[in-house]
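K.L.:
Please read through the structure below; I'll follow up with questions.
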Amino acid sequence: MKKVLVLVLSFLFLFVGVACADWSVTATWTRSVGPNLDYEECQLNSVVKGTTGNTEVTTCTFVVSDLTGQEVSIRSFNTQGGYVDYVIGKLFAVPAPATNGALTIVYVP
């Protein structure tokens, strides 16, 4: 009975761990060369994930739990408050990698 309980608990923890997995996303871009650049925002579906000044590094790292169809964009602001958007791209879901591979090698005379 203990073996069955351990097996069931292990199975549950494995799937809960996969279901709760998060993804780290790093966006990198070339800074706007527009006049009077003030700052830039990195956005995920229009939600600000990071802000960079006009002389700071142009990368932004954030964590998401779902990769399906979310859009990452950069919004560049000038000193007058005007802005323009640049869409880097959409996140996508990738399948989990294959596991438990095995090879069978048979000698053929």
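The chains in the structure tokens are called A, B, ... from first to last as shown; in each chain the residues are counted from 1, and the ligands are counted from 1 in the order shown.
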Set the distance at 9 Å and use only C-alpha atoms: which residues neighbour Thr79 (chain A) once local chain neighbours fewer than 6 positions away are removed? I'd like the list as number ranges by chain.

P.N.:
A: 35-39

K.L.:
Output as a list in words all residues of region 58-103 of chain A that backbone DSSP marks as strand (DSSP E or B).

P.N.:
Thr59, Cys60, Thr61, Phe62, Val63, Val64, Glu71, Val72, Ser73, Ile74, Arg75, Ser76, Phe77, Asn78, Tyr83, Val84, Asp85, Tyr86, Val87, Ile88, Gly89 and Lys90 of chain A

K.L.:
Just the residues within 6 Å of region 58-69 of chain A, please, counting only C-alpha atoms, with nothing from its chain fewer than 5 positions along; format it as a VMD selection string.

P.N.:
chain A and resid 22 to 29 50 90 to 93

K.L.:
Taking N, CA, C and O atoms for each residue, export the selection above as a PDB file, in the first residue's frame.

P.N.:
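Saved file selection_27.pdb follows:
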```
ATOM      1  N   ASP A  22       7.135  28.020 -15.060  1.00  0.00           N
ATOM      2  CA  ASP A  22       7.194  29.372 -15.589  1.00  0.00           C
ATOM      3  C   ASP A  22       8.289  29.449 -16.645  1.00  0.00           C
ATOM      4  O   ASP A  22       9.184  28.616 -16.687  1.00  0.00           O
ATOM      5  N   TRP A  23       8.202  30.480 -17.473  1.00  0.00           N
ATOM      6  CA  TRP A  23       9.166  30.696 -18.541  1.00  0.00           C
ATOM      7  C   TRP A  23       9.794  32.072 -18.347  1.00  0.00           C
ATOM      8  O   TRP A  23       9.096  33.047 -18.123  1.00  0.00           O
ATOM      9  N   SER A  24      11.099  32.144 -18.454  1.00  0.00           N
ATOM     10  CA  SER A  24      11.799  33.417 -18.408  1.00  0.00           C
ATOM     11  C   SER A  24      11.954  33.915 -19.845  1.00  0.00           C
ATOM     12  O   SER A  24      12.437  33.184 -20.711  1.00  0.00           O
ATOM     13  N   VAL A  25      11.529  35.137 -20.091  1.00  0.00           N
ATOM     14  CA  VAL A  25      11.598  35.727 -21.426  1.00  0.00           C
ATOM     15  C   VAL A  25      12.511  36.942 -21.350  1.00  0.00           C
ATOM     16  O   VAL A  25      12.342  37.789 -20.465  1.00  0.00           O
ATOM     17  N   THR A  26      13.475  37.043 -22.255  1.00  0.00           N
ATOM     18  CA  THR A  26      14.333  38.215 -22.340  1.00  0.00           C
ATOM     19  C   THR A  26      14.125  38.874 -23.687  1.00  0.00           C
ATOM     20  O   THR A  26      14.348  38.250 -24.723  1.00  0.00           O
ATOM     21  N   ALA A  27      13.677  40.114 -23.661  1.00  0.00           N
ATOM     22  CA  ALA A  27      13.496  40.898 -24.890  1.00  0.00           C
ATOM     23  C   ALA A  27      14.730  41.777 -25.064  1.00  0.00           C
ATOM     24  O   ALA A  27      15.212  42.386 -24.107  1.00  0.00           O
ATOM     25  N   THR A  28      15.253  41.835 -26.280  1.00  0.00           N
ATOM     26  CA  THR A  28      16.408  42.667 -26.619  1.00  0.00           C
ATOM     27  C   THR A  28      16.066  43.456 -27.869  1.00  0.00           C
ATOM     28  O   THR A  28      15.483  42.909 -28.800  1.00  0.00           O
ATOM     29  N   TRP A  29      16.414  44.718 -27.896  1.00  0.00           N
ATOM     30  CA  TRP A  29      16.087  45.550 -29.045  1.00  0.00           C
ATOM     31  C   TRP A  29      17.130  46.632 -29.226  1.00  0.00           C
ATOM     32  O   TRP A  29      17.951  46.886 -28.349  1.00  0.00           O
ATOM     33  N   GLY A  50       8.981  46.431 -18.022  1.00  0.00           N
ATOM     34  CA  GLY A  50      10.252  47.073 -17.713  1.00  0.00           C
ATOM     35  C   GLY A  50      10.375  48.389 -18.439  1.00  0.00           C
ATOM     36  O   GLY A  50       9.734  48.612 -19.464  1.00  0.00           O
ATOM     37  N   LYS A  90       5.347  37.606 -31.150  1.00  0.00           N
ATOM     38  CA  LYS A  90       4.446  36.867 -30.262  1.00  0.00           C
ATOM     39  C   LYS A  90       5.175  35.685 -29.651  1.00  0.00           C
ATOM     40  O   LYS A  90       5.995  35.061 -30.302  1.00  0.00           O
ATOM     41  N   LEU A  91       4.852  35.417 -28.391  1.00  0.00           N
ATOM     42  CA  LEU A  91       5.361  34.218 -27.745  1.00  0.00           C
ATOM     43  C   LEU A  91       4.539  33.044 -28.242  1.00  0.00           C
ATOM     44  O   LEU A  91       3.403  33.206 -28.682  1.00  0.00           O
ATOM     45  N   PHE A  92       5.077  31.882 -28.175  1.00  0.00           N
ATOM     46  CA  PHE A  92       4.353  30.696 -28.618  1.00  0.00           C
ATOM     47  C   PHE A  92       4.650  29.547 -27.681  1.00  0.00           C
ATOM     48  O   PHE A  92       5.659  29.530 -26.998  1.00  0.00           O
ATOM     49  N   ALA A  93       3.759  28.595 -27.666  1.00  0.00           N
ATOM     50  CA  ALA A  93       3.946  27.414 -26.823  1.00  0.00           C
ATOM     51  C   ALA A  93       4.718  26.365 -27.610  1.00  0.00           C
ATOM     52  O   ALA A  93       4.440  26.129 -28.776  1.00  0.00           O
TER      53      ALA A  93
END
```

K.L.:
So, with only C-alpha atoms as the atoms that count, which of A:Pro97, A:Ala21, A:Gly53, A:Glu40 lies closest to Gly82 (chain A)?

P.N.:
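The answer is A:Glu40, which sits nearest to Gly82 (chain A).
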
K.L.:
Env of region 71-76 of chain A: 6 Å cut, atoms = only C-alpha atoms, seq-sep filter 2 positions within chain, self excluded. Answer as a PyMOL selection string.

P.N.:
chain A and resi 40-45+83-90

K.L.:
Write out, as an mmCIF file, in the first residue's frame, the residues just selected, with all heavy atoms.

P.N.:
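This is the output file result22.cif:
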```
data_model
loop_
_atom_site.group_PDB
_atom_site.id
_atom_site.type_symbol
_atom_site.label_atom_id
_atom_site.label_comp_id
_atom_site.auth_asym_id
_atom_site.auth_seq_id
_atom_site.Cartn_x
_atom_site.Cartn_y
_atom_site.Cartn_z
ATOM 1 N N GLU A 40 12.029 54.099 -22.885
ATOM 2 C CA GLU A 40 11.307 53.056 -23.611
ATOM 3 C C GLU A 40 10.729 52.065 -22.618
ATOM 4 O O GLU A 40 11.327 51.803 -21.577
ATOM 5 C CB GLU A 40 12.229 52.349 -24.605
ATOM 6 C CG GLU A 40 12.663 53.274 -25.729
ATOM 7 C CD GLU A 40 13.622 52.643 -26.701
ATOM 8 O OE1 GLU A 40 14.602 52.012 -26.273
ATOM 9 O OE2 GLU A 40 13.387 52.799 -27.903
ATOM 10 N N GLU A 41 9.565 51.529 -22.962
ATOM 11 C CA GLU A 41 8.898 50.523 -22.141
ATOM 12 C C GLU A 41 8.856 49.200 -22.894
ATOM 13 O O GLU A 41 8.550 49.173 -24.081
ATOM 14 C CB GLU A 41 7.449 50.914 -21.834
ATOM 15 C CG GLU A 41 7.279 52.098 -20.948
ATOM 16 C CD GLU A 41 5.820 52.475 -20.740
ATOM 17 O OE1 GLU A 41 4.946 51.988 -21.504
ATOM 18 O OE2 GLU A 41 5.561 53.258 -19.830
ATOM 19 N N CYS A 42 9.126 48.123 -22.183
ATOM 20 C CA CYS A 42 8.940 46.776 -22.710
ATOM 21 C C CYS A 42 7.578 46.312 -22.209
ATOM 22 O O CYS A 42 7.314 46.359 -21.000
ATOM 23 C CB CYS A 42 10.046 45.856 -22.217
ATOM 24 S SG CYS A 42 9.873 44.148 -22.761
ATOM 25 N N GLN A 43 6.706 45.911 -23.124
ATOM 26 C CA GLN A 43 5.343 45.547 -22.750
ATOM 27 C C GLN A 43 5.006 44.128 -23.203
ATOM 28 O O GLN A 43 5.442 43.685 -24.259
ATOM 29 C CB GLN A 43 4.339 46.518 -23.384
ATOM 30 C CG GLN A 43 4.530 47.951 -22.948
ATOM 31 C CD GLN A 43 3.513 48.885 -23.582
ATOM 32 O OE1 GLN A 43 2.742 48.493 -24.456
ATOM 33 N NE2 GLN A 43 3.505 50.127 -23.144
ATOM 34 N N LEU A 44 4.218 43.460 -22.374
ATOM 35 C CA LEU A 44 3.659 42.149 -22.706
ATOM 36 C C LEU A 44 2.150 42.322 -22.716
ATOM 37 O O LEU A 44 1.558 42.608 -21.674
ATOM 38 C CB LEU A 44 4.073 41.100 -21.673
ATOM 39 C CG LEU A 44 3.473 39.713 -21.855
ATOM 40 C CD1 LEU A 44 4.026 39.052 -23.117
ATOM 41 C CD2 LEU A 44 3.732 38.846 -20.645
ATOM 42 N N ASN A 45 1.542 42.202 -23.892
ATOM 43 C CA ASN A 45 0.098 42.441 -24.049
ATOM 44 C C ASN A 45 -0.310 43.775 -23.425
ATOM 45 O O ASN A 45 -1.261 43.864 -22.658
ATOM 46 C CB ASN A 45 -0.720 41.303 -23.433
ATOM 47 C CG ASN A 45 -0.618 40.039 -24.241
ATOM 48 O OD1 ASN A 45 -0.224 40.052 -25.401
ATOM 49 N ND2 ASN A 45 -0.961 38.931 -23.638
ATOM 50 N N TYR A 83 4.722 58.935 -28.444
ATOM 51 C CA TYR A 83 5.310 57.590 -28.462
ATOM 52 C C TYR A 83 4.999 56.866 -29.760
ATOM 53 O O TYR A 83 4.098 57.246 -30.511
ATOM 54 C CB TYR A 83 4.834 56.763 -27.271
ATOM 55 C CG TYR A 83 3.349 56.462 -27.267
ATOM 56 C CD1 TYR A 83 2.848 55.347 -27.932
ATOM 57 C CD2 TYR A 83 2.454 57.301 -26.613
ATOM 58 C CE1 TYR A 83 1.494 55.069 -27.939
ATOM 59 C CE2 TYR A 83 1.099 57.030 -26.618
ATOM 60 C CZ TYR A 83 0.628 55.915 -27.277
ATOM 61 O OH TYR A 83 -0.712 55.646 -27.289
ATOM 62 N N VAL A 84 5.765 55.818 -29.982
ATOM 63 C CA VAL A 84 5.549 54.928 -31.121
ATOM 64 C C VAL A 84 5.834 53.514 -30.629
ATOM 65 O O VAL A 84 6.679 53.303 -29.762
ATOM 66 C CB VAL A 84 6.450 55.306 -32.319
ATOM 67 C CG1 VAL A 84 7.921 55.131 -31.982
ATOM 68 C CG2 VAL A 84 6.073 54.521 -33.564
ATOM 69 N N ASP A 85 5.084 52.540 -31.171
ATOM 70 C CA ASP A 85 5.226 51.144 -30.762
ATOM 71 C C ASP A 85 5.978 50.337 -31.803
ATOM 72 O O ASP A 85 5.834 50.565 -33.007
ATOM 73 C CB ASP A 85 3.857 50.492 -30.544
ATOM 74 C CG ASP A 85 3.144 51.048 -29.325
ATOM 75 O OD1 ASP A 85 3.822 51.420 -28.360
ATOM 76 O OD2 ASP A 85 1.903 51.104 -29.345
ATOM 77 N N TYR A 86 6.758 49.388 -31.323
ATOM 78 C CA TYR A 86 7.431 48.425 -32.182
ATOM 79 C C TYR A 86 7.139 47.036 -31.621
ATOM 80 O O TYR A 86 7.464 46.750 -30.465
ATOM 81 C CB TYR A 86 8.946 48.667 -32.203
ATOM 82 C CG TYR A 86 9.723 47.543 -32.837
ATOM 83 C CD1 TYR A 86 9.639 47.299 -34.205
ATOM 84 C CD2 TYR A 86 10.521 46.710 -32.068
ATOM 85 C CE1 TYR A 86 10.340 46.256 -34.785
ATOM 86 C CE2 TYR A 86 11.218 45.665 -32.644
ATOM 87 C CZ TYR A 86 11.123 45.442 -34.004
ATOM 88 O OH TYR A 86 11.807 44.411 -34.575
ATOM 89 N N VAL A 87 6.517 46.181 -32.416
ATOM 90 C CA VAL A 87 6.191 44.824 -31.974
ATOM 91 C C VAL A 87 7.379 43.924 -32.275
ATOM 92 O O VAL A 87 7.773 43.758 -33.423
ATOM 93 C CB VAL A 87 4.921 44.293 -32.670
ATOM 94 C CG1 VAL A 87 4.669 42.848 -32.267
ATOM 95 C CG2 VAL A 87 3.728 45.167 -32.336
ATOM 96 N N ILE A 88 7.944 43.337 -31.202
ATOM 97 C CA ILE A 88 9.054 42.393 -31.379
ATOM 98 C C ILE A 88 8.512 41.074 -31.912
ATOM 99 O O ILE A 88 9.062 40.498 -32.828
ATOM 100 C CB ILE A 88 9.805 42.160 -30.053
ATOM 101 C CG1 ILE A 88 10.529 43.440 -29.640
ATOM 102 C CG2 ILE A 88 10.796 41.016 -30.189
ATOM 103 C CD1 ILE A 88 11.261 43.324 -28.326
ATOM 104 N N GLY A 89 7.410 40.599 -31.338
ATOM 105 C CA GLY A 89 6.821 39.357 -31.814
ATOM 106 C C GLY A 89 5.900 38.738 -30.775
ATOM 107 O O GLY A 89 5.692 39.285 -29.697
ATOM 108 N N LYS A 90 5.347 37.606 -31.150
ATOM 109 C CA LYS A 90 4.446 36.867 -30.262
ATOM 110 C C LYS A 90 5.175 35.685 -29.651
ATOM 111 O O LYS A 90 5.995 35.061 -30.302
ATOM 112 C CB LYS A 90 3.225 36.372 -31.032
ATOM 113 C CG LYS A 90 2.276 37.470 -31.429
ATOM 114 C CD LYS A 90 1.010 36.879 -32.022
ATOM 115 C CE LYS A 90 0.037 37.948 -32.418
ATOM 116 N NZ LYS A 90 -0.775 38.425 -31.333
#
```

K.L.:
In Å, how far is it from CA of Arg31 (chain A) to CA of Gln80 (chain A)?

P.N.:
17.7 Å
